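Visitor: Structure file final-v3.cif, mmCIF, N, CA and C atoms, is pasted below:
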```
data_model
#
loop_
_atom_site.label_atom_id
_atom_site.label_comp_id
_atom_site.auth_asym_id
_atom_site.auth_seq_id
_atom_site.Cartn_x
_atom_site.Cartn_y
_atom_site.Cartn_z
N MET A 1 -54.72 90.44 -91.62
CA MET A 1 -54.99 91.69 -92.29
C MET A 1 -56.17 91.57 -93.24
N ARG A 2 -56.87 90.48 -93.19
CA ARG A 2 -58.03 90.34 -94.07
C ARG A 2 -59.22 91.05 -93.48
N SER A 3 -59.99 91.63 -94.36
CA SER A 3 -61.15 92.39 -93.92
C SER A 3 -62.24 92.27 -94.96
N ARG A 4 -63.46 92.46 -94.54
CA ARG A 4 -64.58 92.47 -95.48
C ARG A 4 -64.75 93.85 -96.09
N HIS A 5 -63.96 94.80 -95.64
CA HIS A 5 -64.07 96.18 -96.11
C HIS A 5 -63.15 96.40 -97.30
N ALA A 6 -63.13 97.63 -97.79
CA ALA A 6 -62.30 97.99 -98.94
C ALA A 6 -60.83 97.75 -98.64
N PRO A 7 -60.06 97.31 -99.65
CA PRO A 7 -58.63 97.09 -99.44
C PRO A 7 -57.89 98.40 -99.17
N PRO A 8 -56.68 98.32 -98.60
CA PRO A 8 -55.93 99.53 -98.25
C PRO A 8 -55.76 100.50 -99.40
N ALA A 9 -55.62 100.00 -100.61
CA ALA A 9 -55.40 100.88 -101.76
C ALA A 9 -56.56 101.85 -101.97
N GLU A 10 -57.72 101.53 -101.46
CA GLU A 10 -58.87 102.40 -101.64
C GLU A 10 -58.95 103.49 -100.58
N HIS A 11 -58.01 103.51 -99.66
CA HIS A 11 -58.04 104.48 -98.57
C HIS A 11 -56.90 105.49 -98.62
N TYR A 12 -56.11 105.46 -99.69
CA TYR A 12 -54.92 106.30 -99.72
C TYR A 12 -55.21 107.79 -99.70
N ALA A 13 -56.36 108.23 -100.14
CA ALA A 13 -56.65 109.66 -100.18
C ALA A 13 -57.28 110.17 -98.89
N GLU A 14 -57.54 109.28 -97.93
CA GLU A 14 -58.08 109.72 -96.64
C GLU A 14 -57.05 110.54 -95.89
N ALA A 15 -57.52 111.32 -94.93
CA ALA A 15 -56.62 112.17 -94.15
C ALA A 15 -55.61 111.35 -93.35
N SER A 16 -56.02 110.23 -92.80
CA SER A 16 -55.13 109.35 -92.03
C SER A 16 -55.25 107.92 -92.57
N PRO A 17 -54.70 107.67 -93.76
CA PRO A 17 -54.93 106.37 -94.38
C PRO A 17 -54.33 105.20 -93.61
N VAL A 18 -53.18 105.41 -92.96
CA VAL A 18 -52.58 104.31 -92.21
C VAL A 18 -53.47 103.95 -91.01
N ALA A 19 -53.99 104.95 -90.34
CA ALA A 19 -54.90 104.70 -89.22
C ALA A 19 -56.14 103.95 -89.70
N ALA A 20 -56.64 104.31 -90.88
CA ALA A 20 -57.81 103.61 -91.44
C ALA A 20 -57.47 102.16 -91.74
N MET A 21 -56.28 101.92 -92.29
CA MET A 21 -55.88 100.54 -92.59
C MET A 21 -55.72 99.73 -91.31
N VAL A 22 -55.12 100.34 -90.29
CA VAL A 22 -54.96 99.66 -89.00
C VAL A 22 -56.33 99.29 -88.44
N HIS A 23 -57.24 100.25 -88.47
CA HIS A 23 -58.58 100.02 -87.95
C HIS A 23 -59.27 98.88 -88.70
N LEU A 24 -59.20 98.91 -90.02
CA LEU A 24 -59.86 97.88 -90.82
C LEU A 24 -59.24 96.50 -90.61
N SER A 25 -57.95 96.47 -90.31
CA SER A 25 -57.28 95.17 -90.12
C SER A 25 -57.72 94.49 -88.83
N GLY A 26 -58.09 95.29 -87.83
CA GLY A 26 -58.45 94.73 -86.54
C GLY A 26 -57.26 94.32 -85.70
N LEU A 27 -56.06 94.62 -86.18
CA LEU A 27 -54.83 94.30 -85.46
C LEU A 27 -54.36 95.48 -84.63
N PRO A 28 -53.57 95.21 -83.60
CA PRO A 28 -52.90 96.33 -82.92
C PRO A 28 -51.99 97.04 -83.93
N GLU A 29 -51.82 98.35 -83.78
CA GLU A 29 -51.06 99.14 -84.74
C GLU A 29 -49.67 98.59 -85.00
N ARG A 30 -48.97 98.26 -83.94
CA ARG A 30 -47.60 97.77 -84.09
C ARG A 30 -47.56 96.46 -84.89
N SER A 31 -48.49 95.55 -84.60
CA SER A 31 -48.56 94.28 -85.33
C SER A 31 -48.89 94.52 -86.80
N PHE A 32 -49.84 95.40 -87.04
CA PHE A 32 -50.20 95.71 -88.43
C PHE A 32 -48.99 96.23 -89.19
N LYS A 33 -48.31 97.21 -88.62
CA LYS A 33 -47.17 97.80 -89.32
C LYS A 33 -46.06 96.77 -89.57
N ARG A 34 -45.80 95.92 -88.59
CA ARG A 34 -44.78 94.89 -88.75
C ARG A 34 -45.18 93.91 -89.86
N ARG A 35 -46.41 93.45 -89.83
CA ARG A 35 -46.87 92.50 -90.84
C ARG A 35 -46.92 93.13 -92.23
N PHE A 36 -47.34 94.38 -92.29
CA PHE A 36 -47.40 95.09 -93.56
C PHE A 36 -46.00 95.20 -94.16
N GLN A 37 -45.04 95.57 -93.34
CA GLN A 37 -43.64 95.69 -93.78
C GLN A 37 -43.13 94.34 -94.30
N GLN A 38 -43.44 93.28 -93.58
CA GLN A 38 -43.00 91.94 -94.00
C GLN A 38 -43.65 91.54 -95.32
N ALA A 39 -44.91 91.87 -95.49
CA ALA A 39 -45.65 91.45 -96.69
C ALA A 39 -45.30 92.26 -97.93
N THR A 40 -45.01 93.55 -97.75
CA THR A 40 -44.82 94.43 -98.91
C THR A 40 -43.39 94.91 -99.10
N GLY A 41 -42.59 94.83 -98.04
CA GLY A 41 -41.23 95.35 -98.13
C GLY A 41 -41.16 96.85 -97.92
N MET A 42 -42.27 97.45 -97.54
CA MET A 42 -42.28 98.89 -97.26
C MET A 42 -43.24 99.17 -96.11
N SER A 43 -43.03 100.30 -95.47
CA SER A 43 -43.92 100.68 -94.37
C SER A 43 -45.28 101.09 -94.96
N PRO A 44 -46.32 101.06 -94.13
CA PRO A 44 -47.62 101.50 -94.63
C PRO A 44 -47.60 102.94 -95.16
N LEU A 45 -46.85 103.82 -94.50
CA LEU A 45 -46.81 105.21 -94.96
C LEU A 45 -46.10 105.34 -96.31
N VAL A 46 -45.02 104.63 -96.50
CA VAL A 46 -44.32 104.65 -97.79
C VAL A 46 -45.25 104.10 -98.87
N TYR A 47 -45.98 103.06 -98.55
CA TYR A 47 -46.95 102.49 -99.48
C TYR A 47 -48.00 103.53 -99.88
N VAL A 48 -48.53 104.24 -98.90
CA VAL A 48 -49.54 105.26 -99.17
C VAL A 48 -48.96 106.36 -100.07
N HIS A 49 -47.75 106.84 -99.74
CA HIS A 49 -47.12 107.86 -100.58
C HIS A 49 -46.93 107.35 -102.00
N THR A 50 -46.51 106.10 -102.14
CA THR A 50 -46.31 105.52 -103.47
C THR A 50 -47.61 105.50 -104.26
N LEU A 51 -48.69 105.05 -103.63
CA LEU A 51 -49.99 105.04 -104.32
C LEU A 51 -50.42 106.44 -104.72
N ARG A 52 -50.29 107.37 -103.79
CA ARG A 52 -50.70 108.76 -104.06
C ARG A 52 -49.90 109.35 -105.21
N LEU A 53 -48.60 109.14 -105.20
CA LEU A 53 -47.74 109.73 -106.23
C LEU A 53 -47.97 109.08 -107.58
N GLU A 54 -48.22 107.78 -107.61
CA GLU A 54 -48.54 107.10 -108.88
C GLU A 54 -49.84 107.66 -109.46
N GLU A 55 -50.85 107.79 -108.62
CA GLU A 55 -52.14 108.33 -109.07
C GLU A 55 -51.97 109.77 -109.56
N ALA A 56 -51.23 110.57 -108.82
CA ALA A 56 -51.01 111.97 -109.21
C ALA A 56 -50.30 112.05 -110.55
N LYS A 57 -49.31 111.21 -110.76
CA LYS A 57 -48.59 111.22 -112.04
C LYS A 57 -49.53 110.90 -113.19
N GLN A 58 -50.38 109.89 -113.01
CA GLN A 58 -51.36 109.55 -114.05
C GLN A 58 -52.30 110.72 -114.32
N MET A 59 -52.73 111.37 -113.26
CA MET A 59 -53.64 112.51 -113.42
C MET A 59 -52.94 113.66 -114.14
N LEU A 60 -51.70 113.92 -113.80
CA LEU A 60 -50.95 115.00 -114.46
C LEU A 60 -50.74 114.71 -115.94
N GLU A 61 -50.56 113.44 -116.28
CA GLU A 61 -50.35 113.06 -117.67
C GLU A 61 -51.62 113.11 -118.50
N SER A 62 -52.77 112.98 -117.83
CA SER A 62 -54.01 112.83 -118.58
C SER A 62 -54.96 114.02 -118.54
N ASN A 63 -54.68 115.02 -117.72
CA ASN A 63 -55.60 116.16 -117.70
C ASN A 63 -54.86 117.45 -117.34
N GLN A 64 -55.57 118.52 -117.36
CA GLN A 64 -54.98 119.84 -117.15
C GLN A 64 -55.37 120.47 -115.82
N GLN A 65 -55.73 119.66 -114.83
CA GLN A 65 -56.07 120.20 -113.52
C GLN A 65 -54.84 120.88 -112.92
N PRO A 66 -55.05 121.90 -112.11
CA PRO A 66 -53.93 122.53 -111.40
C PRO A 66 -53.27 121.54 -110.45
N ILE A 67 -51.99 121.70 -110.24
CA ILE A 67 -51.22 120.82 -109.36
C ILE A 67 -51.84 120.79 -107.97
N GLU A 68 -52.28 121.94 -107.47
CA GLU A 68 -52.87 121.99 -106.13
C GLU A 68 -54.12 121.12 -106.04
N ALA A 69 -54.93 121.12 -107.09
CA ALA A 69 -56.16 120.31 -107.10
C ALA A 69 -55.82 118.82 -107.13
N ILE A 70 -54.83 118.45 -107.92
CA ILE A 70 -54.42 117.05 -107.99
C ILE A 70 -53.84 116.61 -106.66
N ALA A 71 -52.98 117.43 -106.07
CA ALA A 71 -52.39 117.11 -104.77
C ALA A 71 -53.50 116.87 -103.75
N ASN A 72 -54.47 117.75 -103.73
CA ASN A 72 -55.58 117.61 -102.78
C ASN A 72 -56.40 116.36 -103.06
N GLU A 73 -56.64 116.08 -104.32
CA GLU A 73 -57.46 114.93 -104.69
C GLU A 73 -56.82 113.60 -104.28
N VAL A 74 -55.50 113.52 -104.30
CA VAL A 74 -54.84 112.27 -103.92
C VAL A 74 -54.49 112.23 -102.44
N GLY A 75 -54.82 113.29 -101.69
CA GLY A 75 -54.68 113.23 -100.24
C GLY A 75 -53.67 114.15 -99.60
N TYR A 76 -53.09 115.08 -100.36
CA TYR A 76 -52.13 116.03 -99.79
C TYR A 76 -52.77 117.40 -99.67
N GLU A 77 -52.82 117.92 -98.46
CA GLU A 77 -53.37 119.26 -98.26
C GLU A 77 -52.36 120.34 -98.60
N ASP A 78 -51.09 120.01 -98.52
CA ASP A 78 -50.01 120.95 -98.76
C ASP A 78 -49.36 120.65 -100.12
N ALA A 79 -49.62 121.50 -101.11
CA ALA A 79 -49.12 121.28 -102.46
C ALA A 79 -47.59 121.32 -102.53
N SER A 80 -46.95 122.11 -101.69
CA SER A 80 -45.48 122.15 -101.74
C SER A 80 -44.89 120.87 -101.16
N PHE A 81 -45.50 120.29 -100.14
CA PHE A 81 -45.06 118.99 -99.63
C PHE A 81 -45.24 117.93 -100.70
N PHE A 82 -46.39 117.95 -101.36
CA PHE A 82 -46.63 117.04 -102.47
C PHE A 82 -45.55 117.20 -103.55
N SER A 83 -45.24 118.41 -103.91
CA SER A 83 -44.22 118.66 -104.95
C SER A 83 -42.86 118.12 -104.54
N ARG A 84 -42.49 118.28 -103.28
CA ARG A 84 -41.19 117.75 -102.81
C ARG A 84 -41.16 116.24 -102.90
N LEU A 85 -42.23 115.58 -102.45
CA LEU A 85 -42.29 114.12 -102.55
C LEU A 85 -42.27 113.66 -104.00
N PHE A 86 -42.99 114.37 -104.85
CA PHE A 86 -43.05 114.04 -106.27
C PHE A 86 -41.66 114.13 -106.90
N ARG A 87 -40.94 115.20 -106.59
CA ARG A 87 -39.57 115.37 -107.12
C ARG A 87 -38.66 114.24 -106.67
N ARG A 88 -38.77 113.85 -105.40
CA ARG A 88 -37.95 112.75 -104.90
C ARG A 88 -38.24 111.44 -105.63
N LYS A 89 -39.51 111.18 -105.87
CA LYS A 89 -39.92 109.92 -106.51
C LYS A 89 -39.60 109.90 -108.00
N TRP A 90 -39.90 110.98 -108.71
CA TRP A 90 -39.82 110.99 -110.16
C TRP A 90 -38.66 111.81 -110.71
N ALA A 91 -37.90 112.48 -109.86
CA ALA A 91 -36.78 113.33 -110.30
C ALA A 91 -37.25 114.38 -111.30
N SER A 92 -38.48 114.84 -111.11
CA SER A 92 -39.06 115.86 -111.97
C SER A 92 -40.13 116.60 -111.18
N ARG A 93 -40.32 117.85 -111.52
CA ARG A 93 -41.38 118.62 -110.88
C ARG A 93 -42.73 118.24 -111.47
N PRO A 94 -43.77 118.29 -110.67
CA PRO A 94 -45.11 117.95 -111.18
C PRO A 94 -45.50 118.77 -112.42
N ARG A 95 -45.10 120.02 -112.46
CA ARG A 95 -45.50 120.86 -113.60
C ARG A 95 -44.81 120.45 -114.90
N ASN A 96 -43.75 119.63 -114.82
CA ASN A 96 -43.04 119.17 -116.02
C ASN A 96 -43.63 117.90 -116.60
N ILE A 97 -44.63 117.35 -115.95
CA ILE A 97 -45.28 116.11 -116.42
C ILE A 97 -46.48 116.49 -117.27
N GLY A 98 -46.70 115.71 -118.31
CA GLY A 98 -47.89 115.93 -119.10
C GLY A 98 -47.70 116.57 -120.38
#
```
Step by step, read the file and then write its structure as structure tokens.
Guide:
Amino acid sequence: MRSRHAPPAEHYAEASPVAAMVHLSGLPERSFKRRFQQATGMSPLVYVHTLRLEEAKQMLESNQQPIEAIANEVGYEDASFFSRLFRRKWASRPRNIG
């Protein structure tokens, strides 16, 4: 999974971050996902959601951007999907942060 390119954490806001990570790894998709799971204890998609939600929480705490703008900036086109994931992770609505 080593690459000369940017690490996976720098691709979380892309439209298909897992596909980008697979491509950068140079491994077959199935091998990448298996190795990623073994190395991190989570699937690549769960990892991406975790990074996105952590970044969004920091943004919500530090500025007054609309939730839709923050959701979009961290990689979610659908603000209501973002809000559902955020509630599951933090047991709070995005608008209650900050």
Visitor: Could you expand the PyMOL selection byres ((chain A and resi 62-73) around 8) into the explicit residues it covers here, written as a VMD selection string?
Guide: chain A and resid 12 to 14 52 55 to 61 74 to 80 82 to 83 94 to 95 97 to 98
Visitor: Report, in Å to a single decimal, how far apart atom C of Lys89 (chain A) and CA of Glu54 (chain A) are.
Guide: 9.4 Å
Visitor: Quick check, in Å to one decimal: how far apart do CA of Ser92 (chain A) and CA of His49 (chain A) lie?
Guide: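 About the pair CA of Ser92 (chain A) and CA of His49 (chain A): they are 16.1 Å apart.
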Visitor: Taking the DSSP assignment computed from this structure's backbone, write out as a PyMOL selection string all residues of region 2-95 of chain A that belong to helix (DSSP H, G or I).
Guide: chain A and resi 8-11+17-25+29-40+44-62+67-73+79-90+94-95
Visitor: Fewer than 4 positions away in the same chain doesn't count, so skip those; otherwise give me all residues within 10 Å of Lys33 (chain A), counting only C-alpha atoms, as a ChimeraX atom specification.
Guide: /A:18,21-22,27-29,37-39,42-45
Visitor: Between CA of Val48 (chain A) and CA of Ala15 (chain A), what is the distance in Å, rounded to a tenth?
Guide: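 We find that CA of Val48 (chain A) and CA of Ala15 (chain A) lie 11.1 Å from each other.
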